Amino acid sequence: MRHLALALTLCLASPAAHAACGGSWGDFIGGLKNEAVAKGHSAATVDRFFASARQDPKVLKADRSQGVFKRDFIDFSRRVISKSRINKGRANAKKYASVFAKAEREYGVPAGVLLAFWALETDYGAVQGDFNTLNALLTLSHDCRRPELFRPQIFAALELFERGNFDPKTTKGAWAGEIGMVQMLPEDIIANGVDGDGDGKVSLKTSAPDALLSGAKMLQSLGWNAGEPWLQEVQVPEKMDWSKTGLNTTLSVQEWAAMGVRARAGSFEGGAGSILLPMGKDGPAFLAYPNFQTYFEWNQSFVYVTTAAYFATRLSGAPVYDAGNPSPSLSDANMKLLQKKLAARGHDVGKIDGILGSGTRAAVQAEQKRLGFAADAWPTLALLKKL
């Protein structure tokens, strides 16, 4: 599920359109139609495209209730990485071996990475979403929470409609407007769609070759470096400077080794990276290489990204991670209380939502260091009580 960074610049026709959200639904649709015509689309085409437009309250409900990302890494990864998904992944690796070979040859993306996204996004194409895509994009654009993310996708969908690759009445996908087996937004389909099966069309809903190669091309466009690792499980010593852990610090593998960090299996796979402790110093530990950052261009959720990257290593032959014995995760109420206390101390934790995202992790680590705790960015009840 590609959630674009909120800082994206709007690609709209006029300055007034930047704030175009809310208000009556009829006026909102009318404004979009006028803008589409101003962009050069014919009035007749625009009328046909928007003829079936409806608000979908179920989309807003889904947008407001993303509780799955409140789960910790161990809980989330164990829920979504099942034996069945691993077996299906291996079977699909064999079935589409030539497609995966082409994806790595032309775009530098290994099979395991694509298989993991394919599995987590749609269970290998089986569950692609049942929301009308146009209505989802319209509803989220009308809603004033994140119109800058979704509004440009409407005009991209209009372009796909003109090409004959989008039916506003029947095209369905995820609640946030993504389409197909690897869940791509309309702009990404236009920029990165690949006809992988040679039938002259880009069919991300029905063609695995199209979906996989399109996903690979998109990852390449987002900065994936061919031939380089993305994540590797490591073992950390009982004591080290925990403030150096986290994605904001990158050191050479020689420097990590000097601190007592070891690859859990084999040797280090890259030259430099960051120590990732999704549940603190007593839980699983990974070395995140530069390619790991590309995952955040696909999805903004820390727990999803870490799980997807780890799953890709499993599908590439890595063993099950060592879960360790981490301190229990905070309850939803306590996580929100923690965020409020951190915000009160001047930290930017974003929305008080109970989700342990990058902003909250950075704030936790800073407060742990100030208060004399192990600065591993994992919040505990002891830290909460001390704040």
# chains A, B, ... in the order shown; residues from 1 in each chain; ligands from 1
call {"tool": "residues_around", "arguments": {"residues": "A:Asn325", "least_positions_apart": "2", "cutoff": "10 Å", "atoms": "only C-alpha atoms", "output": "PyMOL selection string"}}
result
chain A and resi 279-284+322-323+327-328
call {"tool": "select_by_dssp", "arguments": {"residues": "stretch 81-230 of chain A", "states": "helix (DSSP H, G or I)", "output": "ChimeraX atom specification"}}
result
/A:83-95,97-107,111-122,133-142,147-163,186-192,208-221
call {"tool": "write_last_selection", "arguments": {"atoms": "C-alpha atoms", "output": "PDB file, in the first residue's frame"}}
result
ATOM      1  CA  LYS A  83       3.486 -20.889   7.161  1.00  0.00           C
ATOM      2  CA  SER A  84       0.897 -20.858   4.391  1.00  0.00           C
ATOM      3  CA  ARG A  85       2.143 -17.522   3.070  1.00  0.00           C
ATOM      4  CA  ILE A  86       5.723 -18.720   3.120  1.00  0.00           C
ATOM      5  CA  ASN A  87       4.795 -21.894   1.244  1.00  0.00           C
ATOM      6  CA  LYS A  88       2.739 -19.940  -1.305  1.00  0.00           C
ATOM      7  CA  GLY A  89       5.641 -17.553  -1.692  1.00  0.00           C
ATOM      8  CA  ARG A  90       8.029 -20.371  -2.497  1.00  0.00           C
ATOM      9  CA  ALA A  91       5.542 -21.875  -4.934  1.00  0.00           C
ATOM     10  CA  ASN A  92       5.046 -18.536  -6.687  1.00  0.00           C
ATOM     11  CA  ALA A  93       8.799 -18.026  -6.830  1.00  0.00           C
ATOM     12  CA  LYS A  94       9.011 -21.203  -8.906  1.00  0.00           C
ATOM     13  CA  LYS A  95       5.876 -20.500 -10.961  1.00  0.00           C
ATOM     14  CA  ALA A  97      10.774 -17.676 -11.922  1.00  0.00           C
ATOM     15  CA  SER A  98      11.321 -16.019 -15.299  1.00  0.00           C
ATOM     16  CA  VAL A  99       9.367 -12.928 -14.200  1.00  0.00           C
ATOM     17  CA  PHE A 100      11.385 -12.573 -11.009  1.00  0.00           C
ATOM     18  CA  ALA A 101      14.610 -13.069 -12.942  1.00  0.00           C
ATOM     19  CA  LYS A 102      13.577 -10.260 -15.285  1.00  0.00           C
ATOM     20  CA  ALA A 103      12.626  -8.017 -12.343  1.00  0.00           C
ATOM     21  CA  GLU A 104      16.075  -8.434 -10.827  1.00  0.00           C
ATOM     22  CA  ARG A 105      17.883  -8.161 -14.139  1.00  0.00           C
ATOM     23  CA  GLU A 106      16.111  -5.009 -15.318  1.00  0.00           C
ATOM     24  CA  TYR A 107      15.206  -3.249 -12.054  1.00  0.00           C
ATOM     25  CA  ALA A 111      12.317 -12.012  -5.802  1.00  0.00           C
ATOM     26  CA  GLY A 112      11.965 -12.089  -2.008  1.00  0.00           C
ATOM     27  CA  VAL A 113      11.267  -8.365  -1.838  1.00  0.00           C
ATOM     28  CA  LEU A 114       8.508  -8.542  -4.457  1.00  0.00           C
ATOM     29  CA  LEU A 115       7.038 -11.721  -2.993  1.00  0.00           C
ATOM     30  CA  ALA A 116       6.765 -10.133   0.449  1.00  0.00           C
ATOM     31  CA  PHE A 117       4.921  -7.089  -0.875  1.00  0.00           C
ATOM     32  CA  TRP A 118       2.677  -9.309  -2.985  1.00  0.00           C
ATOM     33  CA  ALA A 119       1.849 -11.429   0.051  1.00  0.00           C
ATOM     34  CA  LEU A 120       1.256  -8.612   2.541  1.00  0.00           C
ATOM     35  CA  GLU A 121      -0.652  -6.345   0.178  1.00  0.00           C
ATOM     36  CA  THR A 122      -3.120  -8.827  -1.326  1.00  0.00           C
ATOM     37  CA  THR A 133     -11.501   3.193  -6.505  1.00  0.00           C
ATOM     38  CA  LEU A 134     -12.818   6.476  -7.900  1.00  0.00           C
ATOM     39  CA  ASN A 135     -15.241   6.921  -5.015  1.00  0.00           C
ATOM     40  CA  ALA A 136     -12.461   6.167  -2.529  1.00  0.00           C
ATOM     41  CA  LEU A 137     -10.176   8.786  -4.063  1.00  0.00           C
ATOM     42  CA  LEU A 138     -12.983  11.336  -4.255  1.00  0.00           C
ATOM     43  CA  THR A 139     -14.061  10.726  -0.661  1.00  0.00           C
ATOM     44  CA  LEU A 140     -10.527  11.069   0.687  1.00  0.00           C
ATOM     45  CA  SER A 141      -9.918  14.172  -1.418  1.00  0.00           C
ATOM     46  CA  HIS A 142     -13.145  15.811  -0.220  1.00  0.00           C
ATOM     47  CA  PRO A 147      -6.447  16.064   0.326  1.00  0.00           C
ATOM     48  CA  GLU A 148      -2.928  16.814  -0.944  1.00  0.00           C
ATOM     49  CA  LEU A 149      -2.197  13.093  -0.941  1.00  0.00           C
ATOM     50  CA  PHE A 150      -5.276  11.894  -2.794  1.00  0.00           C
ATOM     51  CA  ARG A 151      -6.498  14.688  -5.075  1.00  0.00           C
ATOM     52  CA  PRO A 152      -3.770  14.296  -7.726  1.00  0.00           C
ATOM     53  CA  GLN A 153      -4.719  10.621  -7.999  1.00  0.00           C
ATOM     54  CA  ILE A 154      -8.161  11.556  -9.331  1.00  0.00           C
ATOM     55  CA  PHE A 155      -6.678  13.197 -12.403  1.00  0.00           C
ATOM     56  CA  ALA A 156      -4.283  10.284 -12.856  1.00  0.00           C
ATOM     57  CA  ALA A 157      -7.307   7.951 -12.780  1.00  0.00           C
ATOM     58  CA  LEU A 158      -8.952  10.173 -15.408  1.00  0.00           C
ATOM     59  CA  GLU A 159      -5.888   9.733 -17.620  1.00  0.00           C
ATOM     60  CA  LEU A 160      -6.082   5.959 -17.166  1.00  0.00           C
ATOM     61  CA  PHE A 161      -9.785   6.153 -18.078  1.00  0.00           C
ATOM     62  CA  GLU A 162      -8.927   7.923 -21.316  1.00  0.00           C
ATOM     63  CA  ARG A 163      -6.421   5.178 -22.088  1.00  0.00           C
ATOM     64  CA  PRO A 186      -3.042   5.703 -10.326  1.00  0.00           C
ATOM     65  CA  GLU A 187      -0.054   8.085 -10.578  1.00  0.00           C
ATOM     66  CA  ASP A 188       2.311   5.196  -9.884  1.00  0.00           C
ATOM     67  CA  ILE A 189       0.594   3.040 -12.496  1.00  0.00           C
ATOM     68  CA  ILE A 190       1.087   5.764 -15.104  1.00  0.00           C
ATOM     69  CA  ALA A 191       4.733   6.262 -14.163  1.00  0.00           C
ATOM     70  CA  ASN A 192       5.716   2.635 -13.570  1.00  0.00           C
ATOM     71  CA  ALA A 208       0.944 -11.344 -12.023  1.00  0.00           C
ATOM     72  CA  PRO A 209       3.784 -10.552 -14.492  1.00  0.00           C
ATOM     73  CA  ASP A 210       2.380  -7.053 -15.029  1.00  0.00           C
ATOM     74  CA  ALA A 211       1.955  -6.451 -11.298  1.00  0.00           C
ATOM     75  CA  LEU A 212       5.362  -7.810 -10.268  1.00  0.00           C
ATOM     76  CA  LEU A 213       7.366  -5.978 -12.908  1.00  0.00           C
ATOM     77  CA  SER A 214       5.428  -2.766 -12.265  1.00  0.00           C
ATOM     78  CA  GLY A 215       6.175  -3.094  -8.570  1.00  0.00           C
ATOM     79  CA  ALA A 216       9.847  -3.681  -9.321  1.00  0.00           C
ATOM     80  CA  LYS A 217      10.034  -0.646 -11.574  1.00  0.00           C
ATOM     81  CA  MET A 218       8.365   1.484  -8.915  1.00  0.00           C
ATOM     82  CA  LEU A 219      10.818   0.337  -6.242  1.00  0.00           C
ATOM     83  CA  GLN A 220      13.675   1.194  -8.577  1.00  0.00           C
ATOM     84  CA  SER A 221      12.177   4.651  -9.141  1.00  0.00           C
TER      85      SER A 221
END
call {"tool": "residues_around", "arguments": {"residues": "A:Tyr295", "least_positions_apart": "4", "cutoff": "9 Å", "atoms": "only C-alpha atoms", "output": "PDB file with N, CA and C atoms, in the first residue's frame"}}
result
ATOM      1  N   LEU A 219       9.790   0.365  -7.283  1.00  0.00           N
ATOM      2  CA  LEU A 219      10.818   0.337  -6.242  1.00  0.00           C
ATOM      3  C   LEU A 219      12.132   0.923  -6.751  1.00  0.00           C
ATOM      4  N   LEU A 222      11.910   4.572  -6.730  1.00  0.00           N
ATOM      5  CA  LEU A 222      11.922   5.115  -5.369  1.00  0.00           C
ATOM      6  C   LEU A 222      13.312   5.094  -4.745  1.00  0.00           C
ATOM      7  N   TRP A 224      15.636   2.109  -5.010  1.00  0.00           N
ATOM      8  CA  TRP A 224      16.216   0.800  -4.702  1.00  0.00           C
ATOM      9  C   TRP A 224      17.539   0.623  -5.432  1.00  0.00           C
ATOM     10  N   ASN A 291      18.966   0.270   1.400  1.00  0.00           N
ATOM     11  CA  ASN A 291      17.747  -0.098   0.681  1.00  0.00           C
ATOM     12  C   ASN A 291      16.521  -0.137   1.597  1.00  0.00           C
ATOM     13  N   ASN A 299       5.443   2.689   2.025  1.00  0.00           N
ATOM     14  CA  ASN A 299       4.496   2.723   3.138  1.00  0.00           C
ATOM     15  C   ASN A 299       5.150   3.450   4.304  1.00  0.00           C
ATOM     16  N   GLN A 300       4.379   4.240   5.041  1.00  0.00           N
ATOM     17  CA  GLN A 300       4.933   5.060   6.110  1.00  0.00           C
ATOM     18  C   GLN A 300       4.926   4.371   7.480  1.00  0.00           C
ATOM     19  N   VAL A 305       6.661  -1.697   7.512  1.00  0.00           N
ATOM     20  CA  VAL A 305       7.903  -1.678   6.755  1.00  0.00           C
ATOM     21  C   VAL A 305       8.903  -2.701   7.301  1.00  0.00           C
ATOM     22  N   THR A 306       9.049  -2.733   8.615  1.00  0.00           N
ATOM     23  CA  THR A 306       9.989  -3.676   9.208  1.00  0.00           C
ATOM     24  C   THR A 306       9.557  -5.113   8.945  1.00  0.00           C
ATOM     25  N   ALA A 308       7.628  -6.177   6.400  1.00  0.00           N
ATOM     26  CA  ALA A 308       7.785  -6.472   4.970  1.00  0.00           C
ATOM     27  C   ALA A 308       9.238  -6.761   4.633  1.00  0.00           C
ATOM     28  N   ALA A 309      10.154  -5.980   5.193  1.00  0.00           N
ATOM     29  CA  ALA A 309      11.573  -6.188   4.911  1.00  0.00           C
ATOM     30  C   ALA A 309      12.067  -7.504   5.504  1.00  0.00           C
TER      31      ALA A 309
END
call {"tool": "atom_distance", "arguments": {"atom1": "atom CA of A:Gln293", "atom2": "atom CA of A:Val320"}}
result
22.1 Å
call {"tool": "atom_distance", "arguments": {"atom1": "atom CA of A:Ile275", "atom2": "atom CA of A:Ala366"}}
result
16.4 Å
call {"tool": "residues_around", "arguments": {"residues": "stretch 22-29 of chain A", "least_positions_apart": "4", "cutoff": "7 Å", "atoms": "only C-alpha atoms", "output": "list in words"}}
result
Lys33, His142, Asp143 and Cys144 of chain A
call {"tool": "closest_residue", "arguments": {"among": "A:Tyr304, A:Trp242, A:Tyr289, A:Phe268", "to": "A:Lys369", "atoms": "only C-alpha atoms"}}
result
A:Trp242
call {"tool": "atom_distance", "arguments": {"atom1": "atom CA of A:Val234", "atom2": "atom CA of A:Arg71"}}
result
22.5 Å
call {"tool": "closest_residue", "arguments": {"among": "A:Gly260, A:Asn132, A:Ser207, A:Ala36", "to": "A:Asp195", "atoms": "only C-alpha atoms"}}
result
A:Ser207
call {"tool": "select_by_dssp", "arguments": {"residues": "stretch 206-316 of chain A", "states": "strand (DSSP E)", "output": "PyMOL selection string"}}
result
chain A and resi 231-235+251-252+262-263+272-276+286-288
call {"tool": "closest_residue", "arguments": {"among": "A:Val236, A:Ile352, A:Ala318, A:Leu277", "to": "A:Pro379", "atoms": "only C-alpha atoms"}}
result
A:Leu277
call {"tool": "closest_residue", "arguments": {"among": "A:Leu371, A:Val364, A:Leu384, A:Ala312", "to": "A:Ala333", "atoms": "only C-alpha atoms"}}
result
A:Leu384
call {"tool": "residues_around", "arguments": {"residues": "A:Pro290", "least_positions_apart": "2", "cutoff": "12 Å", "atoms": "only C-alpha atoms", "output": "PyMOL selection string"}}
result
chain A and resi 223-232+247-252+269-275+287-288+292-296
call {"tool": "decode", "arguments": {"residues": "stretch 319-342 of chain A", "atoms": "N, CA and C atoms", "output": "JSON list (two decimals), in the first residue's frame"}}
result
[["chain", "number", "residue", "atom", "x", "y", "z"],
["A", 319, "PRO", "N", 16.57, -17.40, 8.47],
["A", 319, "PRO", "CA", 15.81, -18.13, 9.50],
["A", 319, "PRO", "C", 14.82, -17.22, 10.21],
["A", 320, "VAL", "N", 13.96, -17.84, 11.03],
["A", 320, "VAL", "CA", 13.03, -17.08, 11.87],
["A", 320, "VAL", "C", 13.85, -16.25, 12.85],
["A", 321, "TYR", "N", 13.43, -15.00, 13.07],
["A", 321, "TYR", "CA", 14.20, -14.14, 13.96],
["A", 321, "TYR", "C", 14.14, -14.63, 15.42],
["A", 322, "ASP", "N", 15.15, -14.23, 16.17],
["A", 322, "ASP", "CA", 15.20, -14.51, 17.60],
["A", 322, "ASP", "C", 14.38, -13.42, 18.30],
["A", 323, "ALA", "N", 13.26, -13.78, 18.87],
["A", 323, "ALA", "CA", 12.36, -12.79, 19.48],
["A", 323, "ALA", "C", 12.93, -12.19, 20.75],
["A", 324, "GLY", "N", 13.84, -12.89, 21.42],
["A", 324, "GLY", "CA", 14.40, -12.37, 22.65],
["A", 324, "GLY", "C", 13.35, -12.33, 23.76],
["A", 325, "ASN", "N", 13.52, -11.36, 24.65],
["A", 325, "ASN", "CA", 12.58, -11.21, 25.77],
["A", 325, "ASN", "C", 12.35, -9.72, 26.06],
["A", 326, "PRO", "N", 11.70, -9.04, 25.13],
["A", 326, "PRO", "CA", 11.52, -7.59, 25.28],
["A", 326, "PRO", "C", 10.50, -7.23, 26.35],
["A", 327, "SER", "N", 10.63, -6.02, 26.87],
["A", 327, "SER", "CA", 9.62, -5.51, 27.80],
["A", 327, "SER", "C", 8.28, -5.42, 27.07],
["A", 328, "PRO", "N", 7.17, -5.66, 27.77],
["A", 328, "PRO", "CA", 5.86, -5.61, 27.12],
["A", 328, "PRO", "C", 5.59, -4.25, 26.49],
["A", 329, "SER", "N", 4.86, -4.26, 25.38],
["A", 329, "SER", "CA", 4.50, -2.99, 24.75],
["A", 329, "SER", "C", 3.46, -2.27, 25.59],
["A", 330, "LEU", "N", 3.42, -0.96, 25.50],
["A", 330, "LEU", "CA", 2.44, -0.17, 26.25],
["A", 330, "LEU", "C", 1.04, -0.38, 25.68],
["A", 331, "SER", "N", 0.05, -0.26, 26.54],
["A", 331, "SER", "CA", -1.34, -0.30, 26.09],
["A", 331, "SER", "C", -1.61, 0.93, 25.23],
["A", 332, "ASP", "N", -2.70, 0.90, 24.50],
["A", 332, "ASP", "CA", -3.07, 2.04, 23.66],
["A", 332, "ASP", "C", -3.21, 3.31, 24.50],
["A", 333, "ALA", "N", -3.87, 3.19, 25.64],
["A", 333, "ALA", "CA", -4.07, 4.36, 26.50],
["A", 333, "ALA", "C", -2.74, 4.89, 27.02],
["A", 334, "ASN", "N", -1.84, 4.00, 27.42],
["A", 334, "ASN", "CA", -0.55, 4.44, 27.93],
["A", 334, "ASN", "C", 0.34, 5.01, 26.83],
["A", 335, "MET", "N", 0.22, 4.47, 25.60],
["A", 335, "MET", "CA", 1.01, 5.02, 24.49],
["A", 335, "MET", "C", 0.56, 6.45, 24.19],
["A", 336, "LYS", "N", -0.73, 6.67, 24.22],
["A", 336, "LYS", "CA", -1.24, 8.04, 23.99],
["A", 336, "LYS", "C", -0.81, 8.97, 25.11],
["A", 337, "LEU", "N", -0.83, 8.46, 26.35],
["A", 337, "LEU", "CA", -0.38, 9.27, 27.48],
["A", 337, "LEU", "C", 1.10, 9.60, 27.32],
["A", 338, "LEU", "N", 1.88, 8.63, 26.90],
["A", 338, "LEU", "CA", 3.30, 8.85, 26.65],
["A", 338, "LEU", "C", 3.49, 9.94, 25.60],
["A", 339, "GLN", "N", 2.74, 9.85, 24.51],
["A", 339, "GLN", "CA", 2.87, 10.84, 23.44],
["A", 339, "GLN", "C", 2.52, 12.24, 23.94],
["A", 340, "LYS", "N", 1.49, 12.34, 24.78],
["A", 340, "LYS", "CA", 1.11, 13.64, 25.34],
["A", 340, "LYS", "C", 2.23, 14.20, 26.21],
["A", 341, "LYS", "N", 2.84, 13.34, 27.02],
["A", 341, "LYS", "CA", 3.93, 13.79, 27.89],
["A", 341, "LYS", "C", 5.15, 14.20, 27.07],
["A", 342, "LEU", "N", 5.43, 13.46, 26.01],
["A", 342, "LEU", "CA", 6.56, 13.81, 25.14],
["A", 342, "LEU", "C", 6.30, 15.13, 24.43]]
